[in-house]
Every structure is written in C-alpha cells, then in structure tokens.
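Undergrad: Structure in structure tokens, see below.
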Amino acid sequence: MKTKPIISVILPTYNREIPLGELLQSLVLQTFSSFEVIIVNDAGESVRSVIERYPELSIRYEELTENVGHVHARNRAVEYAQGEYILLMDDDDLLVPTHLETMYEAIHDADLVYSDAEIFHYEWNEWGRVVTNRTVFAYEYTLEGMRSFSSYIPSGSLYRRSLHEEIGLFDGAIHNYWDWDFFLRVADQHRIKRVPIAGVLYAWGGSGNQSAQLNSKRGAYLQKLCEKHGLGQLPQKNFWDIRSEPAVQARATTTTIVWDGVIIPARPNETKNPNG
C-alpha cells in the first residue's frame with residue numbers, strides 16, 4: 001500500500017516550460033523526500049514532456065481545457081492534495097535543497113511558516129536562466145506591518161492543509177493579491193511564523209512576472225483586498241518597490257544565506273533559448 005506523502009507541493013503553470021523544468025530539478029535535490037507534486041496546467045502548452053524527465057518525483061498532472069487564472073488553478077491543485085501539509089510554489093521560482101526539510105521542522109509550533117528569499121534577476125542562455133543579480137528579501141513579521149505592506153512571498157511557504165477546511169480556498173476575486181489575502185485570513189485566528197533562512201529563490205524578470213506588472217486592473221484588486229480586511233487606502237507596489245518604503249526598511253533584518261547563486265539547468269540540457 002502506497003504511503004501518503006507528508007507534503008503536497010501545489011504548482012499552477014502556464015507556458016513556462018524551461019523554468020518549470022528548473023523547479024522540478026530543485027525538487028529532485030530536496031533532502032526531504034516525503035512529498036508529492038501537483039501540477040495544474042492552466043490551459044497553456046502541454047508540459048508532459050518536461051514532467052516525464054523527472055520519473056523519481058511523485059507528480060499528478062492535470063491540463064485544464066479553459067484558462068481559469070492562477071488562483072483557481074491553485075484551488076484545483078488543493079483539491080488533489082494528499083499531504084498533511086501544503087507547500088505553495090510558482091512555476092518560475094526555485095528552492096534550495098534543504099528547504100522542505102527546514103520548513104517541515106519549523107511548522108511543529110505553527111500553522112503556516114514562510115521563509116526569507118533571494119530575489120534574482122536573470123538572462124537567458126541556450127540552457128536556461130543565468131542569474132545576473134540577487135537581492136536578499138528578509139523582513140521581521142508583524143501583523144501590523146503586514147496590514148500595510150506585504151512582505152510575504154508565498155512560494156516555499158508551508159501550511160496545514162486543514163486550514164482550508166476552516167477558512168476556505170484562495171479567493172479568486174482578489175486575483176493578484178490572493179496570497180496577501182490568504183495570509184491575513186490565516187493570521188486572524190492561527191499561528192504564523194517566519195523562518196529566517198533565505199530558502200526561496202524568487203524570479204524577477206520576463207514578461208510573465210505578474211508581481212512586476214502594475215496597472216489599473218490590479219489596482220481594483222487591491223481595493224477589494226483593502227475593503228475585505230479594512231486596510232484603508234494602500235499604495236499599489238510590488239515586492240521590488242516596497243523595499244524603499246521607510247516602514248518596510250524599518251522591518252529589514254538579517255537572514256541565513258544558503259544559495260550559491262547557480263541555477264541547475266532543467267533535465268536534460270536540450271532546451272532552446274526562448275528569445276530566439
């Protein structure tokens with residue numbers, strides 16, 4: 001009889017074949033082995049050929065026939081989760097090899113744990129992405145601070161699957177701010193803990209990075225978030241921009257750096273430069 005995994009890694013994807021392969025490679029290297037990966041393709045090009053290169057991973061894959069958006073794709077992945085815990089990921093971010101083990105050890109006295117990160121800029125070569133710049137993203141957690149500016153990067157965060165039974169699924173009506181909304185809903189009645197290790201590698205760059213795109217539609221989602229949680233009027237800023245805010249700078253703190261700055265290419269090295 002197959003043993004249920006302890007952790008379910010839920011992963012929506014949409015037309016990011018090369019970064020997805022790099023992410024799966026980072027999961028292969030994890031020192032913690034009791035996990036499954038649930039990939040929901042939001043009606044993008046098929047990535048079955050990428051998944052087939054990683055037979056040692058326990059992967060459930062679903063291709064949606066209609067583009068429903070990344071929030072609803074995440075909710076679909078949650079429905080399939082078998083683990084006691086859920087770990088969130090975006091398809092272009094990466095994890096250091098010890099990340100799952102670190103987060104699992106940290107969650108014993110919490111309901112949701114999240115780690116610090118390194119934001120990396122990159123360029124493409126014939127094999128994949130090459131890091132051009134990296135910046136530490138590490139801020140003390142205070143609920144008051146989180147109600148003004150979100151310093152929560154959802155990729156790599158781990159939480160008890162039972163939270164969904166208590167507070168529901170991710171709110172698609174908030175769209176770009178689904179993660180901030182989820183964090184505040186959890187914080188209302190549950191224990192949250194920051195792990196001071198930069199175990200998440202957060203990609204910054206390329207046309208698909210929604211956090212880098214600020215527009216009027218996104219402003220409408222922010223307004224919905226503010227109304228839902230009574231946050232008042234907040235400025236529309238992404239993770240890169242908030243670093244310059246005095247209130248956020250006051251929360252800046254130290255963290256443990258464990259990444260060597262190298263992205264291990266997707267398997268096998270037969271990918272093409274997506275820029276031509």
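Chain labels run A, B, ... following the order of the structure tokens; each chain numbers its residues from 1, and ligands are numbered from 1 in the order shown.
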Using only C-alpha atoms, which residues sit within 8 Å of region 240-257 of chain A once same-chain residues fewer than 6 positions away are excluded, as a PyMOL selection string?
TA: chain A and resi 116+138-141+145+149+196-199+212
Undergrad: Restricted to all heavy atoms, what would the selected residues look like written as a PDB file, in the first residue's frame?
TA:
```
ATOM      1  N   ASP A 116      12.461  33.541   4.368  1.00  0.00           N
ATOM      2  CA  ASP A 116      13.010  34.661   3.638  1.00  0.00           C
ATOM      3  C   ASP A 116      13.357  34.180   2.231  1.00  0.00           C
ATOM      4  O   ASP A 116      13.271  32.990   1.913  1.00  0.00           O
ATOM      5  CB  ASP A 116      14.255  35.202   4.343  1.00  0.00           C
ATOM      6  CG  ASP A 116      13.930  35.750   5.732  1.00  0.00           C
ATOM      7  OD1 ASP A 116      12.792  36.207   5.922  1.00  0.00           O
ATOM      8  OD2 ASP A 116      14.822  35.721   6.600  1.00  0.00           O
ATOM      9  N   ALA A 138      14.284  39.962   3.320  1.00  0.00           N
ATOM     10  CA  ALA A 138      14.120  39.448   4.682  1.00  0.00           C
ATOM     11  C   ALA A 138      13.599  40.553   5.588  1.00  0.00           C
ATOM     12  O   ALA A 138      14.273  41.573   5.783  1.00  0.00           O
ATOM     13  CB  ALA A 138      15.448  38.909   5.212  1.00  0.00           C
ATOM     14  N   TYR A 139      12.412  40.336   6.162  1.00  0.00           N
ATOM     15  CA  TYR A 139      11.771  41.346   6.995  1.00  0.00           C
ATOM     16  C   TYR A 139      11.098  40.676   8.194  1.00  0.00           C
ATOM     17  O   TYR A 139      10.513  39.598   8.072  1.00  0.00           O
ATOM     18  CB  TYR A 139      10.721  42.126   6.182  1.00  0.00           C
ATOM     19  CG  TYR A 139      11.331  42.831   4.995  1.00  0.00           C
ATOM     20  CD1 TYR A 139      11.392  42.215   3.752  1.00  0.00           C
ATOM     21  CD2 TYR A 139      11.902  44.097   5.137  1.00  0.00           C
ATOM     22  CE1 TYR A 139      11.994  42.839   2.672  1.00  0.00           C
ATOM     23  CE2 TYR A 139      12.502  44.728   4.059  1.00  0.00           C
ATOM     24  CZ  TYR A 139      12.557  44.091   2.835  1.00  0.00           C
ATOM     25  OH  TYR A 139      13.157  44.708   1.772  1.00  0.00           O
ATOM     26  N   GLU A 140      11.213  41.326   9.341  1.00  0.00           N
ATOM     27  CA  GLU A 140      10.556  40.824  10.539  1.00  0.00           C
ATOM     28  C   GLU A 140       9.046  40.736  10.304  1.00  0.00           C
ATOM     29  O   GLU A 140       8.462  41.583   9.628  1.00  0.00           O
ATOM     30  CB  GLU A 140      10.831  41.745  11.732  1.00  0.00           C
ATOM     31  CG  GLU A 140      12.286  41.776  12.171  1.00  0.00           C
ATOM     32  CD  GLU A 140      12.700  40.522  12.923  1.00  0.00           C
ATOM     33  OE1 GLU A 140      11.855  39.612  13.089  1.00  0.00           O
ATOM     34  OE2 GLU A 140      13.864  40.450  13.344  1.00  0.00           O
ATOM     35  N   TYR A 141       8.436  39.719  10.891  1.00  0.00           N
ATOM     36  CA  TYR A 141       6.993  39.571  10.759  1.00  0.00           C
ATOM     37  C   TYR A 141       6.271  40.273  11.905  1.00  0.00           C
ATOM     38  O   TYR A 141       6.501  39.987  13.075  1.00  0.00           O
ATOM     39  CB  TYR A 141       6.581  38.101  10.747  1.00  0.00           C
ATOM     40  CG  TYR A 141       5.104  37.886  10.998  1.00  0.00           C
ATOM     41  CD1 TYR A 141       4.150  38.564  10.235  1.00  0.00           C
ATOM     42  CD2 TYR A 141       4.673  37.031  11.998  1.00  0.00           C
ATOM     43  CE1 TYR A 141       2.800  38.381  10.461  1.00  0.00           C
ATOM     44  CE2 TYR A 141       3.320  36.832  12.225  1.00  0.00           C
ATOM     45  CZ  TYR A 141       2.380  37.514  11.460  1.00  0.00           C
ATOM     46  OH  TYR A 141       1.039  37.346  11.684  1.00  0.00           O
ATOM     47  N   GLY A 145       2.514  45.355  10.501  1.00  0.00           N
ATOM     48  CA  GLY A 145       3.279  45.663   9.306  1.00  0.00           C
ATOM     49  C   GLY A 145       2.689  45.014   8.066  1.00  0.00           C
ATOM     50  O   GLY A 145       2.654  45.613   6.986  1.00  0.00           O
ATOM     51  N   PHE A 149       2.068  46.732   4.262  1.00  0.00           N
ATOM     52  CA  PHE A 149       2.827  46.273   3.101  1.00  0.00           C
ATOM     53  C   PHE A 149       3.089  44.782   3.277  1.00  0.00           C
ATOM     54  O   PHE A 149       3.584  44.358   4.317  1.00  0.00           O
ATOM     55  CB  PHE A 149       4.166  47.003   2.978  1.00  0.00           C
ATOM     56  CG  PHE A 149       4.036  48.474   2.714  1.00  0.00           C
ATOM     57  CD1 PHE A 149       4.118  49.387   3.747  1.00  0.00           C
ATOM     58  CD2 PHE A 149       3.820  48.938   1.424  1.00  0.00           C
ATOM     59  CE1 PHE A 149       4.006  50.744   3.514  1.00  0.00           C
ATOM     60  CE2 PHE A 149       3.700  50.297   1.170  1.00  0.00           C
ATOM     61  CZ  PHE A 149       3.790  51.201   2.208  1.00  0.00           C
ATOM     62  N   PRO A 196      13.935  32.435   9.403  1.00  0.00           N
ATOM     63  CA  PRO A 196      14.995  33.349   8.949  1.00  0.00           C
ATOM     64  C   PRO A 196      16.094  32.684   8.127  1.00  0.00           C
ATOM     65  O   PRO A 196      17.281  32.759   8.441  1.00  0.00           O
ATOM     66  CB  PRO A 196      15.537  33.912  10.267  1.00  0.00           C
ATOM     67  CG  PRO A 196      15.348  32.792  11.236  1.00  0.00           C
ATOM     68  CD  PRO A 196      14.052  32.138  10.844  1.00  0.00           C
ATOM     69  N   ILE A 197      15.689  32.017   7.065  1.00  0.00           N
ATOM     70  CA  ILE A 197      16.615  31.378   6.132  1.00  0.00           C
ATOM     71  C   ILE A 197      16.133  31.706   4.723  1.00  0.00           C
ATOM     72  O   ILE A 197      14.947  31.532   4.418  1.00  0.00           O
ATOM     73  CB  ILE A 197      16.663  29.852   6.327  1.00  0.00           C
ATOM     74  CG1 ILE A 197      17.161  29.507   7.731  1.00  0.00           C
ATOM     75  CG2 ILE A 197      17.546  29.193   5.266  1.00  0.00           C
ATOM     76  CD1 ILE A 197      17.107  28.025   8.046  1.00  0.00           C
ATOM     77  N   ALA A 198      17.019  32.168   3.861  1.00  0.00           N
ATOM     78  CA  ALA A 198      16.628  32.517   2.500  1.00  0.00           C
ATOM     79  C   ALA A 198      16.615  31.265   1.625  1.00  0.00           C
ATOM     80  O   ALA A 198      17.491  31.051   0.790  1.00  0.00           O
ATOM     81  CB  ALA A 198      17.572  33.570   1.922  1.00  0.00           C
ATOM     82  N   GLY A 199      15.580  30.454   1.838  1.00  0.00           N
ATOM     83  CA  GLY A 199      15.481  29.183   1.124  1.00  0.00           C
ATOM     84  C   GLY A 199      14.687  29.252  -0.160  1.00  0.00           C
ATOM     85  O   GLY A 199      14.650  28.296  -0.931  1.00  0.00           O
ATOM     86  N   ALA A 212       5.505  42.180 -11.172  1.00  0.00           N
ATOM     87  CA  ALA A 212       6.193  43.339 -11.731  1.00  0.00           C
ATOM     88  C   ALA A 212       5.264  44.226 -12.547  1.00  0.00           C
ATOM     89  O   ALA A 212       5.652  45.303 -12.983  1.00  0.00           O
ATOM     90  CB  ALA A 212       7.358  42.868 -12.603  1.00  0.00           C
TER      91      ALA A 212
END
```
Undergrad: What is the distance between CA of Val96 (chain A) and CA of Trp259 (chain A), in Å to one decimal?
TA: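 Here the two named atoms are 6.3 Å from each other.
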Undergrad: With distances taken over only C-alpha atoms, which of A:Ile10, A:Leu23, A:Leu29, A:Val47 is nearest to Ala81 (chain A)?
TA: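 Answer, going by the shortest atom-to-atom distance: A:Ile10.
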Undergrad: For a quick check of understanding, using only C-alpha atoms, which of A:Asp111, A:Tyr202, A:Met146, A:Met103 has the smallest distance to Glu166 (chain A)?
TA: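 With only C-alpha atoms as the atom set, the closest residue is A:Asp111.
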Undergrad: Just asking: which residues within region 22-87 of chain A are helix (DSSP H, G or I) according to DSSP, as a list in words?
TA: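 After running DSSP on the backbone, region 22-87 of chain A has helix (DSSP H, G or I) at Glu22, Leu23, Leu24, Gln25, Ser26, Leu27, Val28, Arg48, Ser49, Val50, Ile51, His70, Val71, His72, Ala73, Arg74, Asn75, Arg76, Ala77, Val78, Glu79 and Tyr80 of chain A.
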Undergrad: Grab the residues selected above and save them as a compact mmCIF listing (two decimals), in the first residue's frame with N, CA, C and O atoms.
TA:
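Saved the output as part03.txt:
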```
# COMPACT_ATOMS: atom_id res chain seq x y z
N GLU A 22 13.46 23.65 -14.39
CA GLU A 22 14.45 24.03 -13.37
C GLU A 22 13.88 23.85 -11.97
O GLU A 22 14.58 23.40 -11.05
N LEU A 23 12.61 24.17 -11.79
CA LEU A 23 11.97 23.98 -10.49
C LEU A 23 11.89 22.50 -10.13
O LEU A 23 12.20 22.11 -9.00
N LEU A 24 11.48 21.67 -11.08
CA LEU A 24 11.42 20.23 -10.81
C LEU A 24 12.80 19.68 -10.46
O LEU A 24 12.93 18.82 -9.59
N GLN A 25 13.83 20.22 -11.12
CA GLN A 25 15.19 19.80 -10.78
C GLN A 25 15.51 20.17 -9.33
O GLN A 25 16.15 19.40 -8.60
N SER A 26 15.08 21.35 -8.88
CA SER A 26 15.35 21.76 -7.50
C SER A 26 14.57 20.89 -6.51
O SER A 26 15.01 20.69 -5.38
N LEU A 27 13.43 20.35 -6.94
CA LEU A 27 12.67 19.44 -6.08
C LEU A 27 13.34 18.06 -6.00
O LEU A 27 13.32 17.41 -4.95
N VAL A 28 13.92 17.61 -7.10
CA VAL A 28 14.66 16.35 -7.09
C VAL A 28 15.78 16.38 -6.05
O VAL A 28 16.07 15.38 -5.39
N ARG A 48 3.89 17.88 -20.47
CA ARG A 48 4.07 16.46 -20.17
C ARG A 48 5.49 16.00 -20.45
O ARG A 48 6.06 15.19 -19.70
N SER A 49 6.08 16.51 -21.52
CA SER A 49 7.44 16.09 -21.87
C SER A 49 8.45 16.53 -20.81
O SER A 49 9.46 15.86 -20.59
N VAL A 50 8.17 17.66 -20.15
CA VAL A 50 9.05 18.11 -19.06
C VAL A 50 8.89 17.19 -17.86
O VAL A 50 9.88 16.74 -17.26
N ILE A 51 7.66 16.91 -17.50
CA ILE A 51 7.38 16.07 -16.33
C ILE A 51 7.98 14.68 -16.49
O ILE A 51 8.51 14.09 -15.53
N HIS A 70 -4.53 31.80 -12.35
CA HIS A 70 -3.63 31.06 -11.45
C HIS A 70 -4.25 30.77 -10.08
O HIS A 70 -3.93 29.75 -9.46
N VAL A 71 -5.15 31.62 -9.60
CA VAL A 71 -5.75 31.38 -8.28
C VAL A 71 -6.66 30.16 -8.32
O VAL A 71 -6.59 29.27 -7.46
N HIS A 72 -7.51 30.09 -9.31
CA HIS A 72 -8.42 28.95 -9.44
C HIS A 72 -7.64 27.68 -9.76
O HIS A 72 -8.03 26.58 -9.32
N ALA A 73 -6.54 27.80 -10.50
CA ALA A 73 -5.70 26.63 -10.76
C ALA A 73 -5.09 26.11 -9.47
O ALA A 73 -4.99 24.89 -9.26
N ARG A 74 -4.71 27.01 -8.57
CA ARG A 74 -4.20 26.59 -7.27
C ARG A 74 -5.28 25.86 -6.47
O ARG A 74 -5.02 24.85 -5.82
N ASN A 75 -6.48 26.41 -6.51
CA ASN A 75 -7.58 25.76 -5.79
C ASN A 75 -7.83 24.35 -6.32
O ASN A 75 -8.15 23.44 -5.55
N ARG A 76 -7.71 24.19 -7.63
CA ARG A 76 -7.88 22.85 -8.21
C ARG A 76 -6.79 21.91 -7.67
O ARG A 76 -7.07 20.76 -7.33
N ALA A 77 -5.58 22.42 -7.57
CA ALA A 77 -4.48 21.60 -7.05
C ALA A 77 -4.71 21.23 -5.59
O ALA A 77 -4.42 20.10 -5.17
N VAL A 78 -5.25 22.15 -4.81
CA VAL A 78 -5.55 21.87 -3.39
C VAL A 78 -6.51 20.70 -3.27
O VAL A 78 -6.39 19.86 -2.37
N GLU A 79 -7.47 20.61 -4.17
CA GLU A 79 -8.46 19.54 -4.12
C GLU A 79 -7.81 18.16 -4.23
O GLU A 79 -8.34 17.17 -3.72
N TYR A 80 -6.66 18.09 -4.92
CA TYR A 80 -5.98 16.81 -5.12
C TYR A 80 -4.95 16.50 -4.04
O TYR A 80 -4.41 15.40 -3.99
```
Undergrad: In Å, rounded to a single decimal, give me how far CA of Ile6 (chain A) is from CA of Asp93 (chain A).
TA: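 Those two atoms sit 21.6 Å apart.
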Undergrad: Might you pull out every residue within 9 Å of region 230-235 of chain A, with only C-alpha atoms counted and same-chain residues fewer than 6 positions away left off, and present them as a PyMOL selection string?
TA: chain A and resi 147-149+219+222-223
Undergrad: Would you mind exporting the chosen residues as a short mmCIF file (atom, residue, chain, number, x, y, z; two decimals), in the first residue's frame, restricted to N, CA and C atoms?
TA:
```cif
data_model
loop_
_atom_site.label_atom_id
_atom_site.label_comp_id
_atom_site.auth_asym_id
_atom_site.auth_seq_id
_atom_site.Cartn_x
_atom_site.Cartn_y
_atom_site.Cartn_z
N ARG A 147 -0.32 44.46 7.45
CA ARG A 147 -1.56 45.14 7.06
C ARG A 147 -1.29 46.43 6.29
N SER A 148 -0.02 46.80 6.18
CA SER A 148 0.36 47.99 5.42
C SER A 148 1.10 47.63 4.13
N PHE A 149 2.07 46.73 4.26
CA PHE A 149 2.83 46.27 3.10
C PHE A 149 3.09 44.78 3.28
N GLY A 219 -5.02 47.54 -9.56
CA GLY A 219 -5.43 48.48 -8.53
C GLY A 219 -6.82 48.17 -8.01
N LEU A 222 -6.53 45.41 -5.55
CA LEU A 222 -6.01 45.92 -4.28
C LEU A 222 -7.12 46.58 -3.48
N GLN A 223 -7.98 47.31 -4.15
CA GLN A 223 -9.10 47.96 -3.46
C GLN A 223 -10.02 46.91 -2.83
#
```
Undergrad: Which residues are close to Arg161 (chain A), i.e. within 6 Å by only C-alpha atoms, leaving aside same-chain residues fewer than 5 positions away? Reply as a short mmCIF file (atom, residue, chain, number, x, y, z; two decimals) with C-alpha atoms, in the first residue's frame.
TA:
```cif
data_model
loop_
_atom_site.label_atom_id
_atom_site.label_comp_id
_atom_site.auth_asym_id
_atom_site.auth_seq_id
_atom_site.Cartn_x
_atom_site.Cartn_y
_atom_site.Cartn_z
CA GLU A 84 -0.98 16.79 5.79
CA TYR A 85 0.79 19.98 4.73
CA ILE A 86 0.70 22.06 1.56
#
```
Undergrad: For the atom pair CA of Val131 (chain A) and CA of Trp204 (chain A), what is the interatomic distance in Å to one decimal place?
TA: 10.2 Å
Undergrad: Go through A:Asn176, A:Thr135, A:Ser157, A:Ser34 one by one, measure the shortest atom-to-atom distance of each to Asn238 (chain A) using only C-alpha atoms, and give the residue with the smallest value.
TA: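 Comparing A:Asn176, A:Thr135, A:Ser157, A:Ser34 against Asn238 (chain A), the winner is A:Asn176.
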Undergrad: Return the single residue from A:Leu11, A:Pro19, A:Leu169, A:Pro5 that is closest to Arg267 (chain A), with distances computed using only C-alpha atoms.
TA: A:Pro19
Undergrad: Env of Glu45 (chain A): 10 Å cut, atoms = only C-alpha atoms, seq-sep filter 6 positions within chain, self excluded. Answer as a ChimeraX atom specification.
TA: /A:13-17,63
Undergrad: Excluding Val195 (chain A) and residues on its chain fewer than 6 positions from it, collect all residues at most 7 Å away from it, counting only C-alpha atoms, and give them as an MDAnalysis selection string.
TA: chainID A and resid 113:116
Undergrad: What lies within 12 Å of His175 (chain A) using only C-alpha atoms, ignoring chain neighbours under 2 positions off, as a CSV table (one decimal) with N, CA and C atoms, in the first residue's frame?
TA:
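Below is the file part-v2.csv, written as the result:
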```
chain,number,residue,atom,x,y,z
A,68,VAL,N,-8.4,29.5,-16.4
A,68,VAL,CA,-9.2,29.9,-15.3
A,68,VAL,C,-8.5,30.9,-14.4
A,69,GLY,N,-7.2,31.1,-14.7
A,69,GLY,CA,-6.4,32.0,-13.8
A,69,GLY,C,-5.7,31.2,-12.8
A,70,HIS,N,-4.5,31.8,-12.3
A,70,HIS,CA,-3.6,31.1,-11.4
A,70,HIS,C,-4.2,30.8,-10.1
A,71,VAL,N,-5.2,31.6,-9.6
A,71,VAL,CA,-5.8,31.4,-8.3
A,71,VAL,C,-6.7,30.2,-8.3
A,72,HIS,N,-7.5,30.1,-9.3
A,72,HIS,CA,-8.4,28.9,-9.4
A,72,HIS,C,-7.6,27.7,-9.8
A,73,ALA,N,-6.5,27.8,-10.5
A,73,ALA,CA,-5.7,26.6,-10.8
A,73,ALA,C,-5.1,26.1,-9.5
A,74,ARG,N,-4.7,27.0,-8.6
A,74,ARG,CA,-4.2,26.6,-7.3
A,74,ARG,C,-5.3,25.9,-6.5
A,170,PHE,N,-8.5,29.7,-1.7
A,170,PHE,CA,-7.9,31.0,-2.1
A,170,PHE,C,-9.0,31.8,-2.8
A,171,ASP,N,-9.0,33.1,-2.6
A,171,ASP,CA,-10.0,34.0,-3.1
A,171,ASP,C,-9.7,34.5,-4.5
A,172,GLY,N,-10.3,34.0,-5.6
A,172,GLY,CA,-10.0,34.4,-6.9
A,172,GLY,C,-10.4,35.8,-7.2
A,173,ALA,N,-11.4,36.4,-6.4
A,173,ALA,CA,-11.8,37.7,-6.7
A,173,ALA,C,-10.7,38.8,-6.3
A,177,TYR,N,-3.7,39.6,-5.5
A,177,TYR,CA,-3.4,39.7,-4.0
A,177,TYR,C,-4.0,38.5,-3.3
A,178,TRP,N,-4.1,37.4,-4.0
A,178,TRP,CA,-4.7,36.2,-3.3
A,178,TRP,C,-3.8,35.8,-2.1
A,179,ASP,N,-2.5,35.9,-2.3
A,179,ASP,CA,-1.5,35.5,-1.2
A,179,ASP,C,-1.6,36.3,0.0
A,180,TRP,N,-1.7,37.7,-0.2
A,180,TRP,CA,-1.8,38.6,0.9
A,180,TRP,C,-3.1,38.3,1.7
A,181,ASP,N,-4.2,38.1,0.9
A,181,ASP,CA,-5.5,37.9,1.5
A,181,ASP,C,-5.4,36.6,2.3
A,182,PHE,N,-4.8,35.5,1.8
A,182,PHE,CA,-4.7,34.2,2.5
A,182,PHE,C,-4.0,34.4,3.7
A,210,GLN,N,3.9,38.6,-12.9
A,210,GLN,CA,2.7,39.4,-12.6
A,210,GLN,C,3.0,40.4,-11.5
A,211,SER,N,3.9,40.1,-10.5
A,211,SER,CA,4.2,41.0,-9.5
A,211,SER,C,4.9,42.2,-10.0
A,217,LYS,N,-6.2,47.6,-13.5
A,217,LYS,CA,-7.0,46.4,-13.1
A,217,LYS,C,-6.4,45.8,-11.8
A,218,ARG,N,-5.1,45.8,-11.7
A,218,ARG,CA,-4.5,45.3,-10.4
A,218,ARG,C,-4.9,46.2,-9.3
A,219,GLY,N,-5.0,47.5,-9.6
A,219,GLY,CA,-5.4,48.5,-8.5
A,219,GLY,C,-6.8,48.2,-8.0
A,220,ALA,N,-7.7,47.7,-8.9
A,220,ALA,CA,-9.1,47.3,-8.5
A,220,ALA,C,-9.0,46.1,-7.6
A,221,TYR,N,-8.1,45.2,-7.8
A,221,TYR,CA,-8.0,44.0,-6.9
A,221,TYR,C,-7.5,44.5,-5.6
A,222,LEU,N,-6.5,45.4,-5.5
A,222,LEU,CA,-6.0,45.9,-4.3
A,222,LEU,C,-7.1,46.6,-3.5
A,223,GLN,N,-8.0,47.3,-4.1
A,223,GLN,CA,-9.1,48.0,-3.5
A,223,GLN,C,-10.0,46.9,-2.8
A,224,LYS,N,-10.3,45.8,-3.5
A,224,LYS,CA,-11.1,44.7,-3.0
A,224,LYS,C,-10.4,44.1,-1.7
A,225,LEU,N,-9.1,44.0,-1.8
A,225,LEU,CA,-8.4,43.4,-0.6
A,225,LEU,C,-8.5,44.4,0.5
```
Undergrad: Which one is closest to Gly128 (chain A): A:Asp92, A:Ala110, A:Glu165, A:Phe239? Count only C-alpha atoms.
TA: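 Ranked by minimum distance to Gly128 (chain A), first place goes to A:Asp92.
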